[in-house]
$ cat data09.txt   # compact mmCIF, C-alpha atoms
# COMPACT_ATOMS: atom_id res chain seq x y z
CA MET A 1206 -69.59 3.72 -11.76
CA ARG A 1207 -67.86 2.18 -14.79
CA ASP A 1208 -70.23 4.10 -17.07
CA ILE A 1209 -69.43 7.35 -15.27
CA LEU A 1210 -65.67 6.75 -15.52
CA GLU A 1211 -66.02 6.01 -19.23
CA GLN A 1212 -67.89 9.30 -19.64
CA VAL A 1213 -65.09 11.06 -17.74
CA ARG A 1214 -62.49 9.62 -20.14
CA ARG A 1215 -64.48 10.78 -23.18
CA ILE A 1216 -65.20 14.22 -21.72
CA ALA A 1217 -61.53 14.70 -20.78
CA GLN A 1218 -60.51 14.52 -24.43
CA ALA A 1219 -63.04 17.16 -25.53
CA ASP A 1220 -62.44 20.84 -24.89
CA ALA A 1221 -65.97 22.07 -24.24
CA THR A 1222 -67.50 23.29 -20.99
CA VAL A 1223 -68.75 20.61 -18.59
CA LEU A 1224 -71.61 20.75 -16.10
CA ILE A 1225 -71.48 18.07 -13.40
CA THR A 1226 -74.73 17.64 -11.46
CA GLY A 1227 -75.73 15.50 -8.54
CA GLU A 1228 -76.62 15.51 -4.87
CA THR A 1229 -74.18 16.52 -2.17
CA GLY A 1230 -71.57 13.86 -1.55
CA VAL A 1231 -71.71 12.02 -4.88
CA GLY A 1232 -68.14 12.98 -5.83
CA LYS A 1233 -68.51 15.95 -8.18
CA ASP A 1234 -65.16 17.44 -7.08
CA ALA A 1235 -63.34 14.14 -7.64
CA LEU A 1236 -64.82 13.80 -11.12
CA ALA A 1237 -63.88 17.37 -12.04
CA MET A 1238 -60.29 16.62 -11.01
CA ALA A 1239 -60.38 13.32 -12.91
CA ILE A 1240 -61.53 15.10 -16.08
CA HIS A 1241 -58.64 17.55 -15.76
CA ALA A 1242 -56.09 14.84 -14.90
CA SER A 1243 -57.18 12.58 -17.78
CA GLY A 1244 -57.00 15.20 -20.49
CA PRO A 1245 -54.39 17.20 -22.38
CA ARG A 1246 -54.58 20.09 -19.87
CA ARG A 1247 -53.21 17.86 -17.07
CA PRO A 1248 -49.80 19.63 -16.81
CA GLN A 1249 -51.56 22.99 -16.40
CA PRO A 1250 -53.17 24.36 -13.21
CA PHE A 1251 -56.46 23.05 -11.84
CA ILE A 1252 -58.13 25.97 -10.04
CA LYS A 1253 -61.11 25.12 -7.85
CA ILE A 1254 -63.43 27.98 -6.92
CA ASP A 1255 -65.88 27.30 -4.10
CA CYS A 1256 -68.61 29.67 -5.32
CA PRO A 1257 -70.77 29.58 -2.16
CA SER A 1258 -67.85 30.77 -0.02
CA LEU A 1259 -67.01 33.82 -2.16
CA PRO A 1260 -68.13 37.09 -0.54
CA GLN A 1261 -70.74 38.63 -2.86
CA ASN A 1262 -68.91 41.95 -3.02
CA LEU A 1263 -65.67 40.23 -4.16
CA VAL A 1264 -66.95 37.59 -6.59
CA GLU A 1265 -65.95 39.44 -9.74
CA ALA A 1266 -62.57 40.54 -8.38
CA GLU A 1267 -61.82 36.90 -7.47
CA LEU A 1268 -62.98 35.46 -10.78
CA PHE A 1269 -61.78 38.10 -13.23
CA GLY A 1270 -59.16 40.11 -11.31
CA HIS A 1271 -58.89 43.83 -10.72
CA GLU A 1272 -56.70 46.83 -11.43
CA ARG A 1273 -55.18 49.03 -8.77
CA GLY A 1274 -57.81 51.48 -7.52
CA ALA A 1275 -60.77 49.55 -8.95
CA PHE A 1276 -62.34 49.60 -5.47
CA THR A 1277 -61.39 50.88 -2.02
CA ASP A 1278 -59.08 48.04 -0.95
CA ALA A 1279 -57.53 47.46 -4.38
CA THR A 1280 -54.07 48.83 -3.58
CA ILE A 1281 -52.41 46.60 -6.19
CA ALA A 1282 -53.53 44.99 -9.44
CA ARG A 1283 -54.36 41.31 -9.15
CA ALA A 1284 -55.08 38.60 -11.70
CA GLY A 1285 -58.35 36.72 -11.30
CA ARG A 1286 -58.64 32.96 -11.09
CA PHE A 1287 -59.42 32.55 -14.79
CA GLU A 1288 -56.30 34.48 -15.71
CA VAL A 1289 -54.15 32.54 -13.22
CA ALA A 1290 -55.39 29.23 -14.64
CA GLY A 1291 -53.79 29.98 -18.00
CA ARG A 1292 -54.36 26.96 -20.23
CA GLY A 1293 -55.49 24.83 -17.28
CA THR A 1294 -58.95 24.18 -15.87
CA VAL A 1295 -61.21 26.38 -13.75
CA TYR A 1296 -63.67 24.36 -11.68
CA LEU A 1297 -66.67 26.37 -10.44
CA ASP A 1298 -68.00 24.29 -7.54
CA GLY A 1299 -71.56 25.28 -6.61
CA VAL A 1300 -71.91 27.64 -9.58
CA THR A 1301 -75.61 28.20 -8.80
CA GLU A 1302 -74.60 30.26 -5.76
CA LEU A 1303 -73.11 33.06 -7.86
CA PRO A 1304 -75.17 36.28 -7.85
CA LEU A 1305 -77.17 36.91 -11.04
CA ASP A 1306 -75.01 39.88 -12.09
CA SER A 1307 -71.88 37.73 -11.77
CA GLN A 1308 -73.63 34.98 -13.74
CA ALA A 1309 -74.08 37.50 -16.57
CA LYS A 1310 -70.36 38.25 -16.61
CA LEU A 1311 -69.52 34.55 -16.47
CA LEU A 1312 -71.85 33.98 -19.42
CA ARG A 1313 -69.98 36.65 -21.39
CA LEU A 1314 -66.67 34.99 -20.55
CA VAL A 1315 -67.89 31.55 -21.64
CA GLU A 1316 -69.48 32.89 -24.85
CA GLU A 1317 -66.77 35.29 -25.96
CA LYS A 1318 -63.73 33.62 -24.36
CA ARG A 1319 -62.70 37.03 -23.05
CA ALA A 1320 -62.82 38.72 -19.66
CA GLU A 1321 -61.99 42.09 -18.20
CA ARG A 1322 -60.42 42.86 -14.85
CA LEU A 1323 -62.44 45.27 -12.70
CA GLY A 1324 -61.29 48.78 -13.50
CA ALA A 1325 -59.56 47.73 -16.73
CA THR A 1326 -60.11 49.21 -20.16
CA THR A 1327 -58.91 46.15 -22.05
CA SER A 1328 -59.84 42.48 -21.91
CA TYR A 1329 -57.81 39.28 -21.88
CA ALA A 1330 -58.41 35.98 -23.65
CA LEU A 1331 -59.78 33.02 -21.72
CA GLN A 1332 -57.60 30.00 -22.36
CA ALA A 1333 -58.78 27.79 -19.49
CA ARG A 1334 -61.36 25.05 -19.72
CA VAL A 1335 -64.45 25.63 -17.58
CA ILE A 1336 -66.00 22.84 -15.52
CA ALA A 1337 -68.92 23.72 -13.25
CA SER A 1338 -70.91 21.74 -10.72
CA ALA A 1339 -74.35 22.11 -9.23
CA GLY A 1340 -76.38 20.21 -6.69
CA ALA A 1341 -79.81 18.71 -7.00
CA GLY A 1342 -82.56 21.10 -8.04
CA LEU A 1343 -80.63 23.02 -10.69
CA GLU A 1344 -83.46 22.86 -13.23
CA GLY A 1345 -85.86 24.28 -10.63
CA ARG A 1346 -83.50 27.17 -9.96
CA VAL A 1347 -83.38 27.86 -13.70
CA ARG A 1348 -87.21 27.78 -13.93
CA ASN A 1349 -87.51 30.11 -10.92
CA GLY A 1350 -85.07 32.62 -12.41
CA GLU A 1351 -82.47 32.02 -9.69
CA PHE A 1352 -79.94 30.76 -12.25
CA ARG A 1353 -79.64 32.11 -15.79
CA GLU A 1354 -81.04 29.75 -18.40
CA ASP A 1355 -78.58 30.93 -21.06
CA LEU A 1356 -75.63 30.28 -18.74
CA TYR A 1357 -77.08 26.88 -17.86
CA HIS A 1358 -77.08 25.89 -21.54
CA ARG A 1359 -73.58 27.31 -22.16
CA LEU A 1360 -72.14 25.35 -19.24
CA ARG A 1361 -74.05 22.18 -20.11
CA VAL A 1362 -72.32 21.51 -23.43
CA LEU A 1363 -71.01 18.26 -21.92
CA PRO A 1364 -73.38 17.27 -19.10
CA LEU A 1365 -72.37 14.67 -16.53
CA HIS A 1366 -75.01 13.63 -14.00
CA ILE A 1367 -73.89 11.57 -11.01
CA PRO A 1368 -76.71 9.52 -9.46
CA PRO A 1369 -76.77 9.17 -5.67
CA LEU A 1370 -75.15 6.09 -4.14
CA ARG A 1371 -78.58 4.73 -3.12
CA ASP A 1372 -79.26 4.35 -6.86
CA ARG A 1373 -75.88 2.67 -7.48
CA ARG A 1374 -76.10 -0.31 -5.13
CA GLY A 1375 -73.41 -2.10 -7.14
CA ASP A 1376 -70.87 0.56 -6.08
CA ILE A 1377 -71.34 -0.22 -2.38
CA VAL A 1378 -68.62 -2.49 -1.02
CA PRO A 1379 -70.07 -5.03 1.45
$ encode --input "data09.txt" --output "structure tokens"
Amino acid sequence: MRDILEQVRRIAQADATVLITGETGVGKDALAMAIHASGPRRPQPFIKIDCPSLPQNLVEAELFGHERGAFTDATIARAGRFEVAGRGTVYLDGVTELPLDSQAKLLRLVEEKRAERLGATTSYALQARVIASAGAGLEGRVRNGEFREDLYHRLRVLPLHIPPLRDRRGDIVP
């Protein structure tokens, strides 16, 4: 665990995207928060997005925002989570669960550092740091075309793999 915490300290000082991988229950959420809390973005918001729980028809509105009238229930304009985060951190928990078309838009945001609200004619600059997490089997999902390979590489600028506790016997308190 000391090695992992040292990696967290180093990663926190960088400003690149981070991809945290590991099995369910290894502490990916806690490490994402630790990266945010240990770095210069600490005073800014930490926005966690639970990707598997987002309704597929609202993913893009939640992530990028929408203008009034962009879809049937859009009675007011609303900022997306990336916009709300400002100069903080957006943590995409379970990023592999995003639909492929939303992955394409996320890729554009990560590459160009710009996003567009649904129904908008102009874009806004991304100022937030992006941290994403994925469970075991991510590489298989990439090979099977279930997760975009280009997005995988863009998110994996600073990779952090958390081994399961069964492989870290020294971390178990007797």
$ atom_distance --input "data09.txt" --atom1 "CA of Asp1298 (chain A)" --atom2 "CA of Thr1280 (chain A)"
28.5 Å
$ closest_atom_pairs --input "data09.txt" --of "region 1282-1304 of chain A" --to "region 1256-1259 of chain A" --cutoff "10 Å" --atoms "only C-alpha atoms" --output "CSV"
residue,atom,partner,partner_atom,distance
A:Tyr1296,CA,A:Cys1256,CA,9.6
A:Leu1297,CA,A:Cys1256,CA,6.4
A:Asp1298,CA,A:Cys1256,CA,5.9
A:Gly1299,CA,A:Cys1256,CA,5.4
A:Val1300,CA,A:Cys1256,CA,5.8
A:Thr1301,CA,A:Cys1256,CA,8.0
A:Glu1302,CA,A:Pro1257,CA,5.3
A:Leu1303,CA,A:Cys1256,CA,6.2
A:Pro1304,CA,A:Cys1256,CA,9.7
$ atom_distance --input "data09.txt" --atom1 "CA of Ser1243 (chain A)" --atom2 "CA of Gln1218 (chain A)"
7.7 Å
$ residues_around --input "data09.txt" --residues "region 1231-1239 of chain A" --least-positions-apart "6" --cutoff "10 Å" --atoms "only C-alpha atoms" --output "ChimeraX atom specification"
/A:1209-1210,1213-1214,1217,1223-1225,1247,1251-1253,1294-1299,1335-1340,1365-1370
$ write_last_selection --input "data09.txt" --atoms "C-alpha atoms" --output "PDB file, in the frame of the given file"
ATOM      1  CA  ILE A1209     -69.430   7.350 -15.270  1.00  0.00           C
ATOM      2  CA  LEU A1210     -65.670   6.750 -15.520  1.00  0.00           C
ATOM      3  CA  VAL A1213     -65.090  11.060 -17.740  1.00  0.00           C
ATOM      4  CA  ARG A1214     -62.490   9.620 -20.140  1.00  0.00           C
ATOM      5  CA  ALA A1217     -61.530  14.700 -20.780  1.00  0.00           C
ATOM      6  CA  VAL A1223     -68.750  20.610 -18.590  1.00  0.00           C
ATOM      7  CA  LEU A1224     -71.610  20.750 -16.100  1.00  0.00           C
ATOM      8  CA  ILE A1225     -71.480  18.070 -13.400  1.00  0.00           C
ATOM      9  CA  ARG A1247     -53.210  17.860 -17.070  1.00  0.00           C
ATOM     10  CA  PHE A1251     -56.460  23.050 -11.840  1.00  0.00           C
ATOM     11  CA  ILE A1252     -58.130  25.970 -10.040  1.00  0.00           C
ATOM     12  CA  LYS A1253     -61.110  25.120  -7.850  1.00  0.00           C
ATOM     13  CA  THR A1294     -58.950  24.180 -15.870  1.00  0.00           C
ATOM     14  CA  VAL A1295     -61.210  26.380 -13.750  1.00  0.00           C
ATOM     15  CA  TYR A1296     -63.670  24.360 -11.680  1.00  0.00           C
ATOM     16  CA  LEU A1297     -66.670  26.370 -10.440  1.00  0.00           C
ATOM     17  CA  ASP A1298     -68.000  24.290  -7.540  1.00  0.00           C
ATOM     18  CA  GLY A1299     -71.560  25.280  -6.610  1.00  0.00           C
ATOM     19  CA  VAL A1335     -64.450  25.630 -17.580  1.00  0.00           C
ATOM     20  CA  ILE A1336     -66.000  22.840 -15.520  1.00  0.00           C
ATOM     21  CA  ALA A1337     -68.920  23.720 -13.250  1.00  0.00           C
ATOM     22  CA  SER A1338     -70.910  21.740 -10.720  1.00  0.00           C
ATOM     23  CA  ALA A1339     -74.350  22.110  -9.230  1.00  0.00           C
ATOM     24  CA  GLY A1340     -76.380  20.210  -6.690  1.00  0.00           C
ATOM     25  CA  LEU A1365     -72.370  14.670 -16.530  1.00  0.00           C
ATOM     26  CA  HIS A1366     -75.010  13.630 -14.000  1.00  0.00           C
ATOM     27  CA  ILE A1367     -73.890  11.570 -11.010  1.00  0.00           C
ATOM     28  CA  PRO A1368     -76.710   9.520  -9.460  1.00  0.00           C
ATOM     29  CA  PRO A1369     -76.770   9.170  -5.670  1.00  0.00           C
ATOM     30  CA  LEU A1370     -75.150   6.090  -4.140  1.00  0.00           C
TER      31      LEU A1370
END
$ residues_around --input "data09.txt" --residues "Thr1327 (chain A)" --least-positions-apart "6" --cutoff "12 Å" --atoms "only C-alpha atoms" --output "list of chain:residue names"
A:His1271, A:Glu1272, A:Arg1319, A:Ala1320, A:Glu1321
$ residues_around --input "data09.txt" --residues "Glu1316 (chain A)" --least-positions-apart "5" --cutoff "12 Å" --atoms "only C-alpha atoms" --output "list of chain:residue names"
A:Ala1221, A:Thr1222, A:Ala1309, A:Lys1310, A:Leu1311, A:Ala1330, A:Leu1331, A:Val1335, A:Asp1355, A:Leu1356, A:Tyr1357, A:His1358, A:Arg1359, A:Leu1360, A:Val1362
$ write_last_selection --input "data09.txt" --atoms "C-alpha atoms" --output "PDB file, in the frame of the given file"
ATOM      1  CA  ALA A1221     -65.970  22.070 -24.240  1.00  0.00           C
ATOM      2  CA  THR A1222     -67.500  23.290 -20.990  1.00  0.00           C
ATOM      3  CA  ALA A1309     -74.080  37.500 -16.570  1.00  0.00           C
ATOM      4  CA  LYS A1310     -70.360  38.250 -16.610  1.00  0.00           C
ATOM      5  CA  LEU A1311     -69.520  34.550 -16.470  1.00  0.00           C
ATOM      6  CA  ALA A1330     -58.410  35.980 -23.650  1.00  0.00           C
ATOM      7  CA  LEU A1331     -59.780  33.020 -21.720  1.00  0.00           C
ATOM      8  CA  VAL A1335     -64.450  25.630 -17.580  1.00  0.00           C
ATOM      9  CA  ASP A1355     -78.580  30.930 -21.060  1.00  0.00           C
ATOM     10  CA  LEU A1356     -75.630  30.280 -18.740  1.00  0.00           C
ATOM     11  CA  TYR A1357     -77.080  26.880 -17.860  1.00  0.00           C
ATOM     12  CA  HIS A1358     -77.080  25.890 -21.540  1.00  0.00           C
ATOM     13  CA  ARG A1359     -73.580  27.310 -22.160  1.00  0.00           C
ATOM     14  CA  LEU A1360     -72.140  25.350 -19.240  1.00  0.00           C
ATOM     15  CA  VAL A1362     -72.320  21.510 -23.430  1.00  0.00           C
TER      16      VAL A1362
END
$ atom_distance --input "data09.txt" --atom1 "CA of Ala1333 (chain A)" --atom2 "CA of Glu1288 (chain A)"
8.1 Å
$ closest_residue --input "data09.txt" --among "A:Arg1273, A:Arg1361, A:Arg1246, A:Arg1283" --to "Val1315 (chain A)" --atoms "only C-alpha atoms"
A:Arg1361
$ decode --input "data09.txt" --residues "region 1232-1361 of chain A" --atoms "C-alpha atoms" --output "PDB file, in the first residue's frame"
ATOM      1  CA  GLY A1232     -10.566   1.416  -3.059  1.00  0.00           C
ATOM      2  CA  LYS A1233     -10.594   3.170  -6.431  1.00  0.00           C
ATOM      3  CA  ASP A1234     -12.971   5.896  -5.168  1.00  0.00           C
ATOM      4  CA  ALA A1235     -10.811   6.584  -2.112  1.00  0.00           C
ATOM      5  CA  LEU A1236      -7.691   6.884  -4.259  1.00  0.00           C
ATOM      6  CA  ALA A1237      -9.410   9.249  -6.702  1.00  0.00           C
ATOM      7  CA  MET A1238     -10.380  11.475  -3.760  1.00  0.00           C
ATOM      8  CA  ALA A1239      -6.848  11.216  -2.346  1.00  0.00           C
ATOM      9  CA  ILE A1240      -5.358  12.333  -5.676  1.00  0.00           C
ATOM     10  CA  HIS A1241      -7.667  15.356  -5.704  1.00  0.00           C
ATOM     11  CA  ALA A1242      -7.086  16.174  -2.018  1.00  0.00           C
ATOM     12  CA  SER A1243      -3.287  15.886  -2.325  1.00  0.00           C
ATOM     13  CA  GLY A1244      -2.916  18.163  -5.320  1.00  0.00           C
ATOM     14  CA  PRO A1245      -3.223  21.838  -6.192  1.00  0.00           C
ATOM     15  CA  ARG A1246      -6.903  21.439  -7.187  1.00  0.00           C
ATOM     16  CA  ARG A1247      -7.868  20.534  -3.593  1.00  0.00           C
ATOM     17  CA  PRO A1248      -9.799  23.785  -2.880  1.00  0.00           C
ATOM     18  CA  GLN A1249     -11.896  23.236  -6.019  1.00  0.00           C
ATOM     19  CA  PRO A1250     -14.880  20.867  -6.395  1.00  0.00           C
ATOM     20  CA  PHE A1251     -14.490  17.096  -6.626  1.00  0.00           C
ATOM     21  CA  ILE A1252     -17.382  15.829  -8.761  1.00  0.00           C
ATOM     22  CA  LYS A1253     -17.957  12.074  -8.767  1.00  0.00           C
ATOM     23  CA  ILE A1254     -20.035  10.667 -11.615  1.00  0.00           C
ATOM     24  CA  ASP A1255     -21.292   7.114 -11.167  1.00  0.00           C
ATOM     25  CA  CYS A1256     -21.356   6.208 -14.873  1.00  0.00           C
ATOM     26  CA  PRO A1257     -23.297   2.916 -14.529  1.00  0.00           C
ATOM     27  CA  SER A1258     -26.193   4.707 -12.818  1.00  0.00           C
ATOM     28  CA  LEU A1259     -26.651   7.384 -15.500  1.00  0.00           C
ATOM     29  CA  PRO A1260     -29.722   6.767 -17.676  1.00  0.00           C
ATOM     30  CA  GLN A1261     -28.464   6.214 -21.233  1.00  0.00           C
ATOM     31  CA  ASN A1262     -30.759   8.869 -22.663  1.00  0.00           C
ATOM     32  CA  LEU A1263     -29.418  11.505 -20.221  1.00  0.00           C
ATOM     33  CA  VAL A1264     -25.684  10.736 -20.157  1.00  0.00           C
ATOM     34  CA  GLU A1265     -24.648  13.631 -22.370  1.00  0.00           C
ATOM     35  CA  ALA A1266     -26.980  16.132 -20.700  1.00  0.00           C
ATOM     36  CA  GLU A1267     -25.521  15.136 -17.307  1.00  0.00           C
ATOM     37  CA  LEU A1268     -21.898  15.269 -18.429  1.00  0.00           C
ATOM     38  CA  PHE A1269     -21.932  18.257 -20.766  1.00  0.00           C
ATOM     39  CA  GLY A1270     -25.118  20.168 -19.897  1.00  0.00           C
ATOM     40  CA  HIS A1271     -27.957  21.317 -22.106  1.00  0.00           C
ATOM     41  CA  GLU A1272     -29.699  24.418 -23.372  1.00  0.00           C
ATOM     42  CA  ARG A1273     -33.373  25.136 -22.891  1.00  0.00           C
ATOM     43  CA  GLY A1274     -35.380  23.192 -25.468  1.00  0.00           C
ATOM     44  CA  ALA A1275     -32.541  20.796 -26.352  1.00  0.00           C
ATOM     45  CA  PHE A1276     -34.917  17.892 -25.648  1.00  0.00           C
ATOM     46  CA  THR A1277     -38.502  17.476 -24.464  1.00  0.00           C
ATOM     47  CA  ASP A1278     -37.954  17.948 -20.721  1.00  0.00           C
ATOM     48  CA  ALA A1279     -35.278  20.641 -21.038  1.00  0.00           C
ATOM     49  CA  THR A1280     -37.373  23.555 -19.780  1.00  0.00           C
ATOM     50  CA  ILE A1281     -34.303  25.415 -18.494  1.00  0.00           C
ATOM     51  CA  ALA A1282     -30.631  25.500 -19.452  1.00  0.00           C
ATOM     52  CA  ARG A1283     -28.385  23.487 -17.160  1.00  0.00           C
ATOM     53  CA  ALA A1284     -24.621  23.207 -16.800  1.00  0.00           C
ATOM     54  CA  GLY A1285     -23.139  19.729 -17.054  1.00  0.00           C
ATOM     55  CA  ARG A1286     -20.885  18.170 -14.453  1.00  0.00           C
ATOM     56  CA  PHE A1287     -17.688  19.127 -16.285  1.00  0.00           C
ATOM     57  CA  GLU A1288     -18.780  22.752 -16.382  1.00  0.00           C
ATOM     58  CA  VAL A1289     -19.834  22.720 -12.706  1.00  0.00           C
ATOM     59  CA  ALA A1290     -16.448  21.293 -11.691  1.00  0.00           C
ATOM     60  CA  GLY A1291     -14.680  24.424 -12.892  1.00  0.00           C
ATOM     61  CA  ARG A1292     -10.987  24.017 -12.086  1.00  0.00           C
ATOM     62  CA  GLY A1293     -11.674  21.014  -9.841  1.00  0.00           C
ATOM     63  CA  THR A1294     -11.700  17.305 -10.609  1.00  0.00           C
ATOM     64  CA  VAL A1295     -14.268  15.169 -12.409  1.00  0.00           C
ATOM     65  CA  TYR A1296     -14.120  11.521 -11.365  1.00  0.00           C
ATOM     66  CA  LEU A1297     -15.768   9.122 -13.832  1.00  0.00           C
ATOM     67  CA  ASP A1298     -16.415   6.003 -11.759  1.00  0.00           C
ATOM     68  CA  GLY A1299     -17.085   2.955 -13.952  1.00  0.00           C
ATOM     69  CA  VAL A1300     -16.261   4.832 -17.164  1.00  0.00           C
ATOM     70  CA  THR A1301     -16.524   1.607 -19.205  1.00  0.00           C
ATOM     71  CA  GLU A1302     -20.302   1.680 -18.724  1.00  0.00           C
ATOM     72  CA  LEU A1303     -20.744   4.797 -20.859  1.00  0.00           C
ATOM     73  CA  PRO A1304     -22.404   4.143 -24.238  1.00  0.00           C
ATOM     74  CA  LEU A1305     -20.023   4.195 -27.231  1.00  0.00           C
ATOM     75  CA  ASP A1306     -21.489   7.425 -28.638  1.00  0.00           C
ATOM     76  CA  SER A1307     -20.953   9.151 -25.281  1.00  0.00           C
ATOM     77  CA  GLN A1308     -17.416   7.747 -25.192  1.00  0.00           C
ATOM     78  CA  ALA A1309     -16.779   9.516 -28.511  1.00  0.00           C
ATOM     79  CA  LYS A1310     -17.895  12.841 -27.043  1.00  0.00           C
ATOM     80  CA  LEU A1311     -15.835  12.261 -23.914  1.00  0.00           C
ATOM     81  CA  LEU A1312     -12.814  11.545 -26.120  1.00  0.00           C
ATOM     82  CA  ARG A1313     -13.344  14.866 -27.894  1.00  0.00           C
ATOM     83  CA  LEU A1314     -13.547  16.654 -24.551  1.00  0.00           C
ATOM     84  CA  VAL A1315     -10.336  15.045 -23.279  1.00  0.00           C
ATOM     85  CA  GLU A1316      -8.457  15.679 -26.550  1.00  0.00           C
ATOM     86  CA  GLU A1317      -9.625  19.209 -27.290  1.00  0.00           C
ATOM     87  CA  LYS A1318     -10.340  20.407 -23.738  1.00  0.00           C
ATOM     88  CA  ARG A1319     -13.662  21.749 -24.997  1.00  0.00           C
ATOM     89  CA  ALA A1320     -17.267  20.616 -24.702  1.00  0.00           C
ATOM     90  CA  GLU A1321     -20.643  21.709 -25.972  1.00  0.00           C
ATOM     91  CA  ARG A1322     -23.946  21.677 -24.140  1.00  0.00           C
ATOM     92  CA  LEU A1323     -26.715  19.791 -25.943  1.00  0.00           C
ATOM     93  CA  GLY A1324     -28.525  22.251 -28.168  1.00  0.00           C
ATOM     94  CA  ALA A1325     -25.736  24.847 -27.975  1.00  0.00           C
ATOM     95  CA  THR A1326     -23.978  26.482 -30.886  1.00  0.00           C
ATOM     96  CA  THR A1327     -20.841  27.361 -28.935  1.00  0.00           C
ATOM     97  CA  SER A1328     -18.472  25.339 -26.786  1.00  0.00           C
ATOM     98  CA  TYR A1329     -16.852  25.953 -23.414  1.00  0.00           C
ATOM     99  CA  ALA A1330     -13.333  25.215 -22.217  1.00  0.00           C
ATOM    100  CA  LEU A1331     -12.681  22.232 -19.975  1.00  0.00           C
ATOM    101  CA  GLN A1332     -10.690  23.342 -16.958  1.00  0.00           C
ATOM    102  CA  ALA A1333     -11.260  20.307 -14.725  1.00  0.00           C
ATOM    103  CA  ARG A1334      -8.892  17.411 -14.284  1.00  0.00           C
ATOM    104  CA  VAL A1335     -10.307  14.054 -15.381  1.00  0.00           C
ATOM    105  CA  ILE A1336      -9.834  10.911 -13.304  1.00  0.00           C
ATOM    106  CA  ALA A1337     -11.572   7.732 -14.462  1.00  0.00           C
ATOM    107  CA  SER A1338     -11.869   4.273 -12.975  1.00  0.00           C
ATOM    108  CA  ALA A1339     -12.604   0.869 -14.418  1.00  0.00           C
ATOM    109  CA  GLY A1340     -12.960  -2.612 -13.001  1.00  0.00           C
ATOM    110  CA  ALA A1341     -11.160  -5.771 -13.941  1.00  0.00           C
ATOM    111  CA  GLY A1342     -11.372  -6.772 -17.587  1.00  0.00           C
ATOM    112  CA  LEU A1343     -10.929  -3.319 -19.114  1.00  0.00           C
ATOM    113  CA  GLU A1344      -8.387  -4.512 -21.689  1.00  0.00           C
ATOM    114  CA  GLY A1345     -10.807  -7.239 -22.797  1.00  0.00           C
ATOM    115  CA  ARG A1346     -13.560  -4.671 -23.270  1.00  0.00           C
ATOM    116  CA  VAL A1347     -11.187  -2.599 -25.400  1.00  0.00           C
ATOM    117  CA  ARG A1348     -10.267  -5.667 -27.512  1.00  0.00           C
ATOM    118  CA  ASN A1349     -13.957  -6.563 -27.946  1.00  0.00           C
ATOM    119  CA  GLY A1350     -14.850  -3.046 -29.087  1.00  0.00           C
ATOM    120  CA  GLU A1351     -17.002  -2.376 -26.008  1.00  0.00           C
ATOM    121  CA  PHE A1352     -14.742   0.489 -24.932  1.00  0.00           C
ATOM    122  CA  ARG A1353     -12.968   2.830 -27.340  1.00  0.00           C
ATOM    123  CA  GLU A1354      -9.249   2.145 -27.620  1.00  0.00           C
ATOM    124  CA  ASP A1355      -8.432   5.790 -28.349  1.00  0.00           C
ATOM    125  CA  LEU A1356     -10.313   6.914 -25.231  1.00  0.00           C
ATOM    126  CA  TYR A1357      -8.579   4.203 -23.204  1.00  0.00           C
ATOM    127  CA  HIS A1358      -5.174   5.618 -24.194  1.00  0.00           C
ATOM    128  CA  ARG A1359      -6.237   9.235 -23.587  1.00  0.00           C
ATOM    129  CA  LEU A1360      -7.480   8.417 -20.093  1.00  0.00           C
ATOM    130  CA  ARG A1361      -4.481   6.226 -19.280  1.00  0.00           C
TER     131      ARG A1361
END
